[in-house]
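Written below as structure tokens is the structure these notes are about.
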Amino acid sequence: MTAFDDLGLTFTTVAVDADGIATVTLNRPDKRNALNAATVDELIDIFTRIGRAGPSGGVRAVVLRAEGAHFCAGLDLVEHHAEDRRPEEFMHLCLRWHEAFNKMEYGGVPVIAALKGAVVGGGLELASSAHVRVADASTYFALPEGQRGLFTGGGATIRVADLVGKARMIDMMLTGRVYQGTEAIAVGLAQYLVDDSEAKAYEIARAAATNPPLSNFAICSAISHVQNMSALDAAYMESVVAGVVNTQPASRGRLAAFADKSAARVRPNDT
Ligand code: 1HE
């Protein structure tokens, strides 16, 4: 029995290894991991539990991955069609998407998305809630909402616009433009383009997990909160966070190692 077994997950799985690296898997490959309402509820449950352990315990980093050839096909269009939802029902569904994705982005635990195939519509909204996105050669990004007669509802107007800028997002939605490969990296949709996105995502998660959890908590919550603030309040908030993080006991040994010259220095990459 793991700490997640009692959640009764159907469309997702969670496994945590001995180092505290959690693997959260979208596990609905026959539907290209389309996000039905139940999957979103599972993501809320998973990331509530991951965040609740706090910066001192439990999960130290998350790799978000998917079964099958595609990361995520976005909103479950078949369910949406069948449900024939009323406006307020879809509004409340969107609020659940936001609950799940906010728990990811503001939860204080690094989430690394291992991408492949389609990362489209709500799938891109999910990916953009991760802290680091890793793409491979098969990965492609799009916002086909316009073509479907829909609009984004899972935070793309905030997070995707933040990644690529307002003008590119509007173009993507008006025209269905697809980004992939180095162009996707250049516009900011992912930070890494590699042969094996999962292997790289685990490498990043393991590297991040060597930082003190309180530092990662600040990195993976404070930076996002700051984006929502005025510059004046953000600077104040940054000072308070730095007051807590930069005096933590876990940093003492690291500072001592720098002072006694035993710590690694920051060097340029090998050329
Ligand atoms: C789905 C979905 C889905 C696949 N909802 N069932 N998103 C989109 O507009 C993308 C829609 N999907 C696609 O364009 C393609 O399916 C893919 C490019 C992702 C994959 O293509 P392919 O050829 O591998 O698969 P397929 O044959 O299209 O689909 C395989 C099955 O997955 C099929 O089910 P089956 O029971 O007939 O086998 C499809 O119905 C199912 N499937 N995608 C439901 N999205 C909060 S607002 C967010 C708004 C949005 O996200 S809009 C963007 C929606």
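Scheme for the structure tokens: letters A, B, ... for chains in order shown; per-chain residue numbers from 1; ligand numbers from 1 in order shown.
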
> Once you count only C-alpha atoms and all ligand atoms, which residues end up within 7 Å of ligand 1, and could you hand them over as a list in words?
Replying inline: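 Residues satisfying the distance criterion: Asp30, Lys31, Arg32, Ala34, His70, Cys72, Ala73, Gly74, Leu75, Asp76, Leu77, Val78, Glu79, Cys94, Trp97, Ala118, Val120, Gly121, Gly122, Gly123, Leu143, Pro144, Glu145, Arg148, Leu150, Phe151, Thr152, Gly153 and Gly154 of chain A.
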
How about saving the chosen residues, C-alpha atoms kept, as an mmCIF file, in the first residue's frame?
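Output file again17.cif follows:
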```cif
data_model
loop_
_atom_site.group_PDB
_atom_site.id
_atom_site.type_symbol
_atom_site.label_atom_id
_atom_site.label_comp_id
_atom_site.auth_asym_id
_atom_site.auth_seq_id
_atom_site.Cartn_x
_atom_site.Cartn_y
_atom_site.Cartn_z
ATOM 1 C CA ASP A 30 -6.807 4.757 -25.760
ATOM 2 C CA LYS A 31 -8.406 8.218 -25.518
ATOM 3 C CA ARG A 32 -5.073 9.994 -26.010
ATOM 4 C CA ALA A 34 -8.081 13.368 -22.940
ATOM 5 C CA HIS A 70 0.486 11.373 -26.879
ATOM 6 C CA CYS A 72 -2.669 14.807 -23.635
ATOM 7 C CA ALA A 73 -5.411 15.609 -26.188
ATOM 8 C CA GLY A 74 -7.045 18.228 -23.958
ATOM 9 C CA LEU A 75 -10.664 18.467 -22.929
ATOM 10 C CA ASP A 76 -12.608 15.232 -23.376
ATOM 11 C CA LEU A 77 -14.653 16.434 -26.325
ATOM 12 C CA VAL A 78 -16.792 13.289 -26.440
ATOM 13 C CA GLU A 79 -17.779 13.626 -22.788
ATOM 14 C CA CYS A 94 -13.221 24.835 -15.372
ATOM 15 C CA TRP A 97 -9.298 22.329 -13.738
ATOM 16 C CA ALA A 118 0.097 15.881 -28.916
ATOM 17 C CA VAL A 120 -2.904 20.308 -27.333
ATOM 18 C CA GLY A 121 -5.719 22.397 -25.945
ATOM 19 C CA GLY A 122 -6.223 21.485 -22.323
ATOM 20 C CA GLY A 123 -3.174 19.234 -22.633
ATOM 21 C CA LEU A 143 -4.537 25.301 -29.207
ATOM 22 C CA PRO A 144 -7.283 23.958 -31.499
ATOM 23 C CA GLU A 145 -10.080 25.513 -29.447
ATOM 24 C CA ARG A 148 -13.591 23.221 -32.270
ATOM 25 C CA LEU A 150 -14.513 26.424 -28.035
ATOM 26 C CA PHE A 151 -12.337 28.613 -25.863
ATOM 27 C CA THR A 152 -9.632 27.781 -23.381
ATOM 28 C CA GLY A 153 -10.908 27.142 -19.855
ATOM 29 C CA GLY A 154 -8.017 25.581 -17.987
#
```

Compile a residue-level contact table for stretch 135-169 of chain A against stretch 223-239 of chain A at a cut-off of 12 Å, reporting for every qualifying residue the shortest atom pair and its distance in Å to one decimal, with only C-alpha atoms counted, rows ordered by chain and ascending number, as CSV.
```
residue,atom,partner,partner_atom,distance
A:Ile158,CA,A:Asn228,CA,10.4
A:Arg159,CA,A:Ser224,CA,10.2
A:Asp162,CA,A:Gln227,CA,9.8
```

> Using only C-alpha atoms, which of A:Val132, A:Val63, A:Ala53, A:Val14 sits nearest A:Tyr192?
Replying inline: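 Closest to A:Tyr192 of all the choices is A:Val132.
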
> What residues in stretch 130-196 of chain A get the DSSP label strand (DSSP E or B)? Please answer as a PyMOL selection string.
Replying inline: chain A and resi 132-135+140-142+179-180+192-193

> Mind pulling up the distance from atom CA of A:Val134 to atom CA of A:Lys116?
Replying inline: 8.7 Å

> A:Phe258, A:Phe90, A:Tyr202, A:Phe71: which is nearest A:Thr139, counting only C-alpha atoms?
Replying inline: A:Phe71

>> I'd like the contact shell of A:Arg49 - 9 Å cut-off, only C-alpha atoms, skipping same-chain residues fewer than 5 positions apart - returned as a PyMOL selection string.
In response: chain A and resi 3-4+44

>> If you run DSSP on the backbone here, which positions in stretch 36-257 of chain A get helix (DSSP H, G or I)? Please write them as a PyMOL selection string.
In response: chain A and resi 37-52+77-83+87-106+122-127+145-148+156-164+166-175+181-187+197-209+213-219+222-227+231-245+249-257

>> Just want the 10 Å neighbourhood of stretch 204-218 of chain A, counted on only C-alpha atoms, with same-chain residues fewer than 2 positions away dropped. Output as a ChimeraX atom specification.
In response: /A:19-22,51,54-63,106-113,132,134,198-202,220-225,238,241-242,244-246,248-251

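The spacing separating atom CA of A:Leu64 from atom CA of A:Phe47 amounts to 11.2 Å.
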
> Near A:Thr182, counting only C-alpha atoms, which residues have an atom at most 10 Å away, once you skip same-chain residues fewer than 6 positions from it, shown as a VMD selection string?
Replying inline: chain A and resid 135 137 188 190 192 to 193

>> When you count only C-alpha atoms, which of these residues is closest to A:Leu174: A:Gly243, A:Pro87, A:Gly155, A:Gly149?
In response: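 For A:Leu174, the nearest of the candidates is A:Gly149.
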
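Going from atom CA of A:Val40 over to atom CA of A:Phe101, you cover 9.1 Å.
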
>> Considering only C-alpha atoms, can you say which of A:Asp45, A:Glu125, A:Asp196, A:Asp171 comes closest to A:Thr157?
In response: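 The closest residue to A:Thr157 is A:Glu125.
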
>> Considering only C-alpha atoms, can you say which of A:Gly146, A:Gly117, A:Gly253, A:Gly8 comes closest to A:Tyr179?
In response: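 With only C-alpha atoms as the atom set, the closest residue is A:Gly117.
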